>>> print(open('data.tsv').read())   # TSV, C-alpha atoms
chain	number	residue	atom	x	y	z
W	22	MET	CA	169.89	302.35	8.74
W	23	LYS	CA	173.21	304.05	8.12
W	24	THR	CA	174.36	303.24	11.66
W	25	PHE	CA	173.78	299.53	11.04
W	26	ILE	CA	175.82	299.57	7.86
W	27	THR	CA	178.63	301.41	9.66
W	28	LEU	CA	178.32	298.94	12.54
W	29	PHE	CA	178.62	295.97	10.19
W	30	LEU	CA	181.61	297.43	8.36
W	31	GLU	CA	183.44	298.46	11.54
W	32	PHE	CA	183.02	295.02	13.08
W	33	PHE	CA	183.99	293.37	9.81
W	34	LYS	CA	187.25	295.31	10.18
W	35	VAL	CA	187.62	294.20	13.80
W	36	GLY	CA	187.10	290.58	12.72
W	37	LEU	CA	189.58	290.94	9.90
W	38	PHE	CA	192.40	292.51	11.87
W	39	SER	CA	192.18	291.27	15.44
W	40	VAL	CA	194.46	288.27	15.53
W	41	GLY	CA	194.89	285.97	18.50
W	42	GLY	CA	191.74	285.64	20.55
W	43	GLY	CA	189.05	287.63	22.29
W	44	LEU	CA	191.09	290.21	24.18
W	45	ALA	CA	192.78	291.22	20.93
W	46	THR	CA	189.52	293.01	20.05
W	47	ILE	CA	190.03	295.49	22.95
W	48	PRO	CA	192.32	297.94	21.10
W	49	PHE	CA	189.86	298.05	18.20
W	50	LEU	CA	186.86	298.60	20.44
W	51	ARG	CA	188.66	301.42	22.22
W	52	GLU	CA	189.20	303.04	18.85
W	53	LEU	CA	185.46	302.68	18.13
W	54	ALA	CA	184.62	304.22	21.51
W	55	GLU	CA	186.52	307.32	20.52
W	56	LYS	CA	185.25	307.46	16.97
W	57	TYR	CA	181.50	306.88	17.49
W	58	PRO	CA	178.96	307.78	20.18
W	59	TRP	CA	178.08	304.08	20.59
W	60	PHE	CA	179.72	303.46	23.97
W	61	SER	CA	182.32	305.10	26.20
W	62	VAL	CA	185.78	303.90	27.16
W	63	SER	CA	184.57	303.19	30.72
W	64	GLU	CA	181.68	301.10	29.37
W	65	LEU	CA	184.33	299.03	27.62
W	66	SER	CA	185.26	297.48	30.96
W	67	ASP	CA	181.60	296.59	31.64
W	68	MET	CA	181.68	294.79	28.31
W	69	ILE	CA	184.85	292.91	29.19
W	70	ALA	CA	183.34	291.94	32.55
W	71	VAL	CA	180.12	290.65	30.98
W	72	SER	CA	182.00	288.88	28.17
W	73	GLU	CA	184.35	287.11	30.55
W	74	SER	CA	181.62	285.99	32.91
W	75	THR	CA	179.12	284.64	30.39
W	76	PRO	CA	179.41	281.60	28.16
W	77	GLY	CA	180.64	281.95	24.61
W	78	PRO	CA	183.76	283.26	22.90
W	79	ILE	CA	184.88	286.59	24.40
W	80	GLY	CA	185.33	288.36	21.06
W	81	VAL	CA	181.80	287.45	19.96
W	82	ASN	CA	180.32	288.51	23.30
W	83	MET	CA	182.09	291.86	23.04
W	84	ALA	CA	180.72	292.38	19.53
W	85	THR	CA	177.14	291.59	20.58
W	86	TYR	CA	177.40	293.92	23.57
W	87	SER	CA	178.88	296.81	21.58
W	88	GLY	CA	176.30	296.34	18.84
W	89	TYR	CA	173.51	296.40	21.40
W	90	SER	CA	174.83	299.65	22.91
W	91	ALA	CA	175.20	301.23	19.49
W	92	GLY	CA	171.70	300.19	18.36
W	93	LEU	CA	170.10	301.27	21.62
W	94	GLY	CA	171.32	304.81	21.04
W	95	GLU	CA	169.59	304.73	17.66
W	96	GLY	CA	166.14	304.11	19.09
W	97	GLY	CA	165.23	301.63	21.78
W	98	ILE	CA	165.61	297.99	22.65
W	99	LEU	CA	164.56	296.53	19.29
W	100	TYR	CA	167.27	298.54	17.56
W	101	GLY	CA	169.66	297.37	20.26
W	102	ILE	CA	168.88	293.72	19.55
W	103	LEU	CA	169.30	294.31	15.83
W	104	GLY	CA	172.58	296.14	16.49
W	105	GLY	CA	173.88	293.16	18.49
W	106	ILE	CA	173.06	290.79	15.64
W	107	VAL	CA	174.56	293.06	12.97
W	108	ALA	CA	177.84	293.59	14.87
W	109	THR	CA	178.16	289.85	15.57
W	110	LEU	CA	177.59	288.96	11.92
W	111	GLY	CA	180.16	291.63	11.01
W	112	ILE	CA	182.84	290.14	13.24
W	113	ILE	CA	182.31	286.54	12.06
W	114	CYS	CA	182.10	287.22	8.29
W	115	PRO	CA	185.84	287.69	7.68
W	116	ALA	CA	186.58	284.51	9.65
W	117	ILE	CA	184.19	282.45	7.52
W	118	ILE	CA	185.65	283.84	4.29
W	119	VAL	CA	189.30	283.48	5.33
W	120	ILE	CA	188.86	279.97	6.75
W	121	CYS	CA	186.93	278.67	3.74
W	122	ILE	CA	189.74	279.83	1.48
W	123	LEU	CA	192.47	278.55	3.80
W	124	SER	CA	190.93	275.09	4.29
W	125	ARG	CA	192.06	274.22	0.79
W	126	PHE	CA	195.71	274.92	1.55
W	127	LEU	CA	195.65	273.86	5.19
W	128	GLU	CA	198.91	271.91	5.14
W	129	LYS	CA	200.83	274.50	3.15
W	130	PHE	CA	199.70	277.35	5.38
W	131	LYS	CA	200.72	275.47	8.49
W	132	ALA	CA	204.21	274.77	7.18
W	133	ASN	CA	204.81	278.22	5.66
W	134	LYS	CA	207.77	279.79	7.42
W	135	TYR	CA	206.74	283.34	6.53
W	136	VAL	CA	203.49	282.91	8.46
W	137	GLU	CA	205.57	281.82	11.42
W	138	TYR	CA	207.97	284.76	10.94
W	139	ALA	CA	205.11	287.26	10.80
W	140	PHE	CA	203.68	285.90	14.02
W	141	TYR	CA	207.01	286.22	15.74
W	142	GLY	CA	206.42	289.98	15.31
W	143	ILE	CA	202.63	290.13	15.63
W	144	ARG	CA	202.32	288.32	18.97
W	145	PRO	CA	204.36	290.77	21.09
W	146	ALA	CA	202.76	293.71	19.27
W	147	VAL	CA	199.25	292.46	20.04
W	148	SER	CA	200.25	292.11	23.70
W	149	GLY	CA	201.43	295.74	23.62
W	150	LEU	CA	198.26	296.89	21.86
W	151	ILE	CA	196.05	295.29	24.50
W	152	ALA	CA	198.16	296.89	27.24
W	153	GLY	CA	197.87	300.29	25.54
W	154	ALA	CA	194.10	300.04	25.21
W	155	MET	CA	193.69	298.86	28.80
W	156	ALA	CA	195.86	301.70	30.11
W	157	SER	CA	193.11	304.20	29.31
W	158	VAL	CA	190.51	301.99	30.99
W	159	PHE	CA	192.86	301.65	33.96
W	160	ILE	CA	193.28	305.42	34.32
W	161	LEU	CA	189.51	305.92	34.24
W	162	SER	CA	188.96	303.25	36.88
W	163	VAL	CA	191.75	303.89	39.36
W	164	PHE	CA	192.52	307.63	39.24
W	165	LYS	CA	190.50	310.71	40.10
W	166	LEU	CA	190.03	312.82	37.03
W	167	SER	CA	189.56	316.58	36.80
W	168	GLU	CA	186.82	318.14	34.64
W	169	THR	CA	189.20	318.34	31.69
W	170	GLY	CA	190.05	314.65	31.94
W	171	LYS	CA	193.53	315.18	33.39
W	172	ILE	CA	194.68	312.95	36.25
W	173	ALA	CA	193.98	314.82	39.50
W	174	GLY	CA	195.13	312.21	41.99
W	175	LEU	CA	194.97	308.58	42.99
W	176	ASN	CA	191.62	307.21	44.11
W	177	ILE	CA	193.02	305.40	47.14
W	178	PRO	CA	190.28	302.83	47.96
W	179	THR	CA	190.10	301.88	44.27
W	180	ALA	CA	193.87	301.57	43.98
W	181	ILE	CA	193.97	299.30	47.04
W	182	CYS	CA	191.18	297.16	45.56
W	183	PHE	CA	193.13	296.92	42.32
W	184	ALA	CA	196.30	295.84	44.10
W	185	VAL	CA	194.49	293.21	46.18
W	186	LEU	CA	192.56	291.79	43.22
W	187	THR	CA	195.69	291.67	41.05
W	188	VAL	CA	197.52	289.69	43.71
W	189	ILE	CA	194.56	287.30	44.01
W	190	CYS	CA	194.44	286.83	40.22
W	191	ALA	CA	198.18	286.23	40.00
W	192	LYS	CA	198.29	283.84	42.98
W	193	PHE	CA	195.23	281.77	42.08
W	194	LYS	CA	195.44	281.40	38.32
W	195	LYS	CA	192.78	278.68	38.28
W	196	LEU	CA	190.18	280.98	39.84
W	197	HIS	CA	187.38	281.69	37.39
W	198	PRO	CA	187.11	285.35	36.24
W	199	VAL	CA	183.47	285.38	37.41
W	200	ILE	CA	184.69	285.08	41.01
W	201	ILE	CA	187.11	288.02	40.68
W	202	ILE	CA	184.36	290.08	39.05
W	203	ALA	CA	181.92	289.18	41.83
W	204	ILE	CA	184.48	290.18	44.48
W	205	GLY	CA	184.97	293.46	42.63
W	206	ALA	CA	181.22	294.13	42.53
W	207	LEU	CA	180.87	293.40	46.26
W	208	ALA	CA	183.85	295.60	47.13
W	209	GLY	CA	182.36	298.35	44.99
W	210	ILE	CA	179.04	298.26	46.89
W	211	ILE	CA	180.59	297.91	50.37
W	212	LEU	CA	183.28	300.58	49.91
W	213	GLY	CA	181.05	302.80	47.78
W	214	LEU	CA	183.63	303.11	45.01
M	24	MET	CA	169.66	268.28	5.90
M	25	LYS	CA	170.19	266.47	9.17
M	26	ILE	CA	173.93	267.12	9.13
M	27	TYR	CA	173.29	270.89	9.14
M	28	LEU	CA	171.02	270.54	12.13
M	29	ASP	CA	173.65	268.41	13.87
M	30	LEU	CA	176.39	270.94	13.14
M	31	PHE	CA	174.27	273.81	14.41
M	32	ARG	CA	173.28	271.92	17.53
M	33	ALA	CA	176.82	270.81	18.39
M	34	PHE	CA	178.25	274.30	17.98
M	35	PHE	CA	175.33	275.89	19.79
M	36	ARG	CA	176.15	273.68	22.77
M	37	ILE	CA	179.83	274.64	22.55
M	38	GLY	CA	178.90	278.34	22.50
M	39	ALA	CA	176.41	278.01	25.34
M	40	LEU	CA	178.44	275.86	27.71
M	41	THR	CA	182.00	277.18	27.56
M	42	PHE	CA	183.22	280.17	29.50
M	43	GLY	CA	186.16	282.28	28.52
M	44	GLY	CA	186.99	281.41	24.91
M	45	GLY	CA	190.42	280.39	23.64
M	46	TYR	CA	191.97	277.33	25.24
M	47	ALA	CA	189.15	277.10	27.79
M	48	MET	CA	187.00	275.82	24.93
M	49	LEU	CA	189.28	272.97	23.89
M	50	PRO	CA	187.79	270.21	26.09
M	51	MET	CA	184.28	271.07	24.91
M	52	PHE	CA	185.36	270.96	21.27
M	53	LYS	CA	186.86	267.54	21.88
M	54	LYS	CA	183.73	266.20	23.53
M	55	GLU	CA	181.28	267.46	20.92
M	56	LEU	CA	183.30	266.99	17.73
M	57	VAL	CA	185.52	263.97	18.39
M	58	GLU	CA	183.67	261.86	20.92
M	59	LYS	CA	180.02	262.59	20.14
M	60	ASN	CA	180.00	263.11	16.39
M	61	GLY	CA	183.32	261.78	15.11
M	62	TRP	CA	183.71	264.68	12.68
M	63	CYS	CA	187.43	264.96	13.26
M	64	THR	CA	190.28	263.57	15.36
M	65	GLU	CA	191.94	265.16	18.35
M	66	GLU	CA	194.98	266.04	16.23
M	67	ASP	CA	192.70	267.75	13.72
M	68	ILE	CA	191.34	269.98	16.45
M	69	LEU	CA	194.80	270.98	17.62
M	70	ASP	CA	195.70	271.79	14.01
M	71	TYR	CA	192.55	273.87	13.55
M	72	TYR	CA	193.35	275.66	16.79
M	73	ALA	CA	196.90	276.44	15.73
M	74	ILE	CA	195.65	277.94	12.49
M	75	ALA	CA	192.70	279.68	14.12
M	76	GLN	CA	195.21	281.50	16.27
M	77	CYS	CA	197.18	282.81	13.34
M	78	THR	CA	194.20	283.80	11.24
M	79	PRO	CA	192.17	286.91	11.91
M	80	GLY	CA	189.10	286.69	14.08
M	81	VAL	CA	187.78	284.97	17.16
M	82	ILE	CA	189.45	281.58	17.72
M	83	ALA	CA	186.24	279.62	18.45
M	84	VAL	CA	184.56	281.07	15.35
M	85	ASN	CA	187.51	280.15	13.16
M	86	THR	CA	187.55	276.59	14.50
M	87	ALA	CA	183.79	276.28	13.92
M	88	SER	CA	184.22	277.47	10.33
M	89	PHE	CA	186.98	274.92	9.78
M	90	VAL	CA	185.00	271.94	11.06
M	91	GLY	CA	181.84	273.05	9.23
M	92	TYR	CA	183.73	273.54	5.99
M	93	ARG	CA	185.31	270.11	6.24
M	94	GLN	CA	181.86	268.54	6.67
M	95	LYS	CA	179.72	270.42	4.18
M	96	GLY	CA	181.70	273.17	2.45
M	97	VAL	CA	180.73	276.83	2.67
M	98	PRO	CA	177.13	276.26	3.88
M	99	GLY	CA	178.50	273.97	6.59
M	100	ALA	CA	180.95	276.66	7.68
M	101	ILE	CA	178.17	279.24	7.89
M	102	VAL	CA	175.78	276.98	9.83
M	103	SER	CA	178.49	275.98	12.35
M	104	THR	CA	179.60	279.56	12.90
M	105	LEU	CA	176.04	280.77	13.41
M	106	GLY	CA	175.60	277.94	15.91
M	107	VAL	CA	178.59	278.99	17.99
M	108	VAL	CA	177.54	282.67	18.14
M	109	ALA	CA	173.78	282.21	18.64
M	110	PRO	CA	174.01	281.67	22.44
M	111	SER	CA	176.16	284.80	22.80
M	112	ILE	CA	173.61	286.90	20.96
M	113	LEU	CA	170.80	285.64	23.20
M	114	ILE	CA	172.63	285.83	26.54
M	115	ILE	CA	174.52	289.08	26.00
M	116	THR	CA	171.47	290.93	24.71
M	117	VAL	CA	169.53	290.08	27.85
M	118	ILE	CA	172.41	291.10	30.14
M	119	ALA	CA	173.17	294.30	28.22
M	120	ALA	CA	169.49	295.29	28.40
M	121	PHE	CA	169.51	294.58	32.14
M	122	ILE	CA	172.65	296.63	32.84
M	123	ARG	CA	171.42	299.52	30.71
M	124	GLY	CA	168.04	299.43	32.46
M	125	PHE	CA	169.52	299.54	35.96
M	126	ALA	CA	172.49	301.80	35.24
M	127	HIS	CA	170.98	304.66	37.25
M	128	ASN	CA	170.56	302.62	40.42
M	129	ILE	CA	173.20	303.75	42.94
M	130	TYR	CA	174.09	300.19	44.02
M	131	VAL	CA	174.47	299.09	40.42
M	132	GLN	CA	176.78	302.07	39.88
M	133	HIS	CA	178.97	301.11	42.86
M	134	ALA	CA	179.01	297.49	41.73
M	135	LEU	CA	180.02	298.52	38.21
M	136	ALA	CA	182.82	300.72	39.58
M	137	GLY	CA	184.11	297.70	41.53
M	138	ILE	CA	183.73	295.45	38.48
M	139	ARG	CA	185.82	297.86	36.41
M	140	VAL	CA	188.65	297.58	38.91
M	141	ALA	CA	188.31	293.77	38.86
M	142	VAL	CA	188.51	293.77	35.06
M	143	CYS	CA	191.68	295.87	35.19
M	144	ALA	CA	193.21	293.35	37.59
M	145	LEU	CA	192.16	290.37	35.45
M	146	VAL	CA	193.45	291.86	32.23
M	147	ALA	CA	196.67	293.10	33.88
M	148	VAL	CA	197.51	289.53	34.86
M	149	THR	CA	196.63	288.27	31.36
M	150	ILE	CA	198.76	290.96	29.71
M	151	TYR	CA	201.67	290.05	31.98
M	152	GLY	CA	201.34	286.41	30.89
M	153	LEU	CA	201.15	287.38	27.21
M	154	LEU	CA	204.23	289.58	27.46
M	155	LYS	CA	206.18	286.90	29.29
M	156	LYS	CA	205.33	284.36	26.59
M	157	ASN	CA	205.84	286.55	23.54
M	158	VAL	CA	208.69	288.92	24.41
M	159	LYS	CA	211.78	286.81	23.77
M	160	ASP	CA	214.47	289.24	22.67
M	161	LEU	CA	215.20	292.90	21.93
M	162	LEU	CA	213.07	293.08	18.79
M	163	THR	CA	209.96	291.57	20.36
M	164	ALA	CA	210.42	293.86	23.40
M	165	LEU	CA	210.63	296.89	21.11
M	166	LEU	CA	207.54	295.78	19.18
M	167	ALA	CA	205.51	295.33	22.37
M	168	LEU	CA	206.65	298.71	23.71
M	169	GLY	CA	206.11	300.38	20.34
M	170	ALA	CA	202.60	298.95	20.01
M	171	PHE	CA	201.79	300.18	23.51
M	172	ALA	CA	202.96	303.73	22.76
M	173	PHE	CA	201.23	303.56	19.39
M	174	THR	CA	197.73	303.07	20.87
M	175	PHE	CA	198.16	304.76	24.23
M	176	PHE	CA	200.04	307.97	23.40
M	177	LEU	CA	199.35	308.39	19.70
M	178	GLY	CA	195.88	306.82	19.59
M	179	LEU	CA	196.52	305.41	16.13
M	180	SER	CA	194.66	302.52	14.55
M	181	PRO	CA	195.80	299.07	15.74
M	182	ILE	CA	195.54	297.82	12.14
M	183	ILE	CA	198.70	299.68	11.14
M	184	ALA	CA	200.54	298.32	14.18
M	185	VAL	CA	199.63	294.73	13.23
M	186	PHE	CA	200.98	295.23	9.71
M	187	VAL	CA	204.21	296.89	10.85
M	188	ALA	CA	204.79	294.13	13.42
M	189	ALA	CA	204.22	291.40	10.81
M	190	ALA	CA	206.69	293.08	8.44
M	191	ALA	CA	209.26	293.52	11.23
M	192	GLY	CA	208.87	289.87	12.25
M	193	ILE	CA	209.41	288.65	8.68
M	194	ALA	CA	212.35	290.99	8.02
M	195	ALA	CA	214.13	290.09	11.27
M	196	SER	CA	213.62	286.35	10.77
M	197	VAL	CA	214.84	286.45	7.18
M	198	ILE	CA	217.97	288.36	8.20
M	199	LYS	CA	218.55	285.93	11.05
M	200	ALA	CA	218.13	282.94	8.75
M	201	LYS	CA	220.63	284.43	6.27
M	202	LYS	CA	223.14	285.14	9.03
M	203	ASN	CA	222.87	281.56	10.27
M	204	ALA	CA	223.36	280.26	6.75
M	205	THR	CA	226.52	282.33	6.12
M	206	GLY	CA	227.76	281.57	9.65
M	207	GLU	CA	227.58	277.86	8.95
M	208	GLY	CA	229.25	278.36	5.59
M	209	GLU	CA	232.21	280.12	7.20
M	210	LYS	CA	232.66	277.32	9.72
M	211	LYS	CA	233.17	274.85	6.93
>>> encode(input="data.tsv", output="structure tokens")
Amino acid sequence: MKTFITLFLEFFKVGLFSVGGGLATIPFLRELAEKYPWFSVSELSDMIAVSESTPGPIGVNMATYSGYSAGLGEGGILYGILGGIVATLGIICPAIIVICILSRFLEKFKANKYVEYAFYGIRPAVSGLIAGAMASVFILSVFKLSETGKIAGLNIPTAICFAVLTVICAKFKKLHPVIIIAIGALAGIILGL
Amino acid sequence: MKIYLDLFRAFFRIGALTFGGGYAMLPMFKKELVEKNGWCTEEDILDYYAIAQCTPGVIAVNTASFVGYRQKGVPGAIVSTLGVVAPSILIITVIAAFIRGFAHNIYVQHALAGIRVAVCALVAVTIYGLLKKNVKDLLTALLALGAFAFTFFLGLSPIIAVFVAAAAGIAASVIKAKKNATGEGEKK
């Protein structure tokens, strides 16, 4: 029971502080991965993959997935399902509250220059936060790690895969993420990554 | 009562049929809300989107709350938001259970290792785009770099970074506005 309350509160916080779309939840989820035994940092990239290649808003998908993982650790699939629901409700609650209040002053909020000023600072910072959170996922995926978690060398086939996929992503912006993810999965099986 | 059912249904469809969130959802919002139900105009949706982006939370959820609230107040907001997240809960739970169940299979492990690399590539390109769009001058560059160091090296909570960045943005803009004002005064 306590886990579910913690889960709700943690995702309430994620919903309240992640500004600017689905990927903005990544830094918060990485923090959760370190703080709780719910999921690991490397599972975080599985979550991103699933969230990007299934319908629905990415942030919500990430919450459901994390909640499922957290609940599953508590005791089986039923707890997992409950965890997914609890985390999702947690992440949407702040939005409902904030928006219901804001709807009354819609025009004023839109024209407020301080809101605009704040976002002039928040937007680059959020970009940096996402980069910082992904750097740890990147190290786990592309480098060989020693027992103590220090970088022991480059995993060459993985690094080549990363380079090729990045070029494909950058060249063909219209390509759906599902296709990149499918190529990655195939490469993983063929090369035995 | 019917309006609640309609709201739920429309947002359920939006949640179930759009991939990727954010701007990828815009055409679907237009189709369901403007063309099918006439709950708002196209300009309304763009307004909601603009605000959804500068309010906390997932953009699609914020937009759903907005439209629902405009139709039927707080209960409308709740019904619409539940509609947009319901498909995610169903779909993701099934997939998460599947991945967890097959995680020990060697092929699934190789596939997941490849998928992780693909995700890194996808997000790297997205981050590059975000930085290009949002880093405009020295201050924004410092904020992006600072936020990176903040999570990566120090492992501190992103919440603090968001607050500091907001304060820095306001302070810098106010100073800039004052400078411009005095600059114009001197010219006269």
>>> atom_distance(input="data.tsv", atom1="atom CA of W:Ile117", atom2="atom CA of M:Lys156")
28.5 Å
>>> residues_around(input="data.tsv", residues="W:Cys121", least_positions_apart="6", cutoff="10 Å", atoms="all atoms listed in the file", output="ChimeraX atom specification")
/W:115 /M:85,88-89,91-93,96-97,100-101
>>> closest_residue(input="data.tsv", among="M:Val140, M:Leu135, M:Leu30, M:Leu161", to="M:Lys59", atoms="all atoms listed in the file")
M:Leu30
>>> atom_distance(input="data.tsv", atom1="atom CA of M:Pro110", atom2="atom CA of W:Ile69")
17.0 Å
>>> residues_around(input="data.tsv", residues="M:Gly152", least_positions_apart="3", cutoff="12 Å", atoms="only C-alpha atoms", output="PyMOL selection string")
(chain W and resi 145+148-149+152+190-191+194) or (chain M and resi 145-149+155-158)
>>> build_atoms(input="data.tsv", residues="stretch 146-160 of chain W", atoms="N, CA and C atoms", output="mmCIF file, keeping the file's coordinate frame")
data_model
loop_
_atom_site.group_PDB
_atom_site.id
_atom_site.type_symbol
_atom_site.label_atom_id
_atom_site.label_comp_id
_atom_site.auth_asym_id
_atom_site.auth_seq_id
_atom_site.Cartn_x
_atom_site.Cartn_y
_atom_site.Cartn_z
ATOM 1 N N ALA W 146 203.434 292.450 19.563
ATOM 2 C CA ALA W 146 202.760 293.710 19.270
ATOM 3 C C ALA W 146 201.315 293.687 19.765
ATOM 4 N N VAL W 147 200.633 292.553 19.567
ATOM 5 C CA VAL W 147 199.250 292.460 20.040
ATOM 6 C C VAL W 147 199.213 292.583 21.567
ATOM 7 N N SER W 148 200.194 291.966 22.249
ATOM 8 C CA SER W 148 200.250 292.110 23.700
ATOM 9 C C SER W 148 200.375 293.591 24.077
ATOM 10 N N GLY W 149 201.239 294.317 23.361
ATOM 11 C CA GLY W 149 201.430 295.740 23.620
ATOM 12 C C GLY W 149 200.181 296.544 23.318
ATOM 13 N N LEU W 150 199.497 296.181 22.239
ATOM 14 C CA LEU W 150 198.260 296.890 21.860
ATOM 15 C C LEU W 150 197.200 296.739 22.943
ATOM 16 N N ILE W 151 197.051 295.512 23.450
ATOM 17 C CA ILE W 151 196.050 295.290 24.500
ATOM 18 C C ILE W 151 196.425 296.114 25.736
ATOM 19 N N ALA W 152 197.715 296.111 26.077
ATOM 20 C CA ALA W 152 198.160 296.890 27.240
ATOM 21 C C ALA W 152 197.861 298.369 27.029
ATOM 22 N N GLY W 153 198.109 298.873 25.830
ATOM 23 C CA GLY W 153 197.870 300.290 25.540
ATOM 24 C C GLY W 153 196.397 300.648 25.668
ATOM 25 N N ALA W 154 195.538 299.769 25.149
ATOM 26 C CA ALA W 154 194.100 300.040 25.210
ATOM 27 C C ALA W 154 193.600 299.964 26.652
ATOM 28 N N MET W 155 194.143 299.006 27.421
ATOM 29 C CA MET W 155 193.690 298.860 28.800
ATOM 30 C C MET W 155 194.200 299.983 29.686
ATOM 31 N N ALA W 156 195.316 300.615 29.293
ATOM 32 C CA ALA W 156 195.860 301.700 30.110
ATOM 33 C C ALA W 156 194.840 302.825 30.253
ATOM 34 N N SER W 157 194.114 303.129 29.178
ATOM 35 C CA SER W 157 193.110 304.200 29.310
ATOM 36 C C SER W 157 191.957 303.774 30.206
ATOM 37 N N VAL W 158 191.560 302.493 30.103
ATOM 38 C CA VAL W 158 190.510 301.990 30.990
ATOM 39 C C VAL W 158 190.994 302.039 32.440
ATOM 40 N N PHE W 159 192.263 301.671 32.637
ATOM 41 C CA PHE W 159 192.860 301.650 33.960
ATOM 42 C C PHE W 159 192.849 303.055 34.587
ATOM 43 N N ILE W 160 193.244 304.044 33.808
ATOM 44 C CA ILE W 160 193.280 305.420 34.320
ATOM 45 C C ILE W 160 191.887 305.866 34.737
#
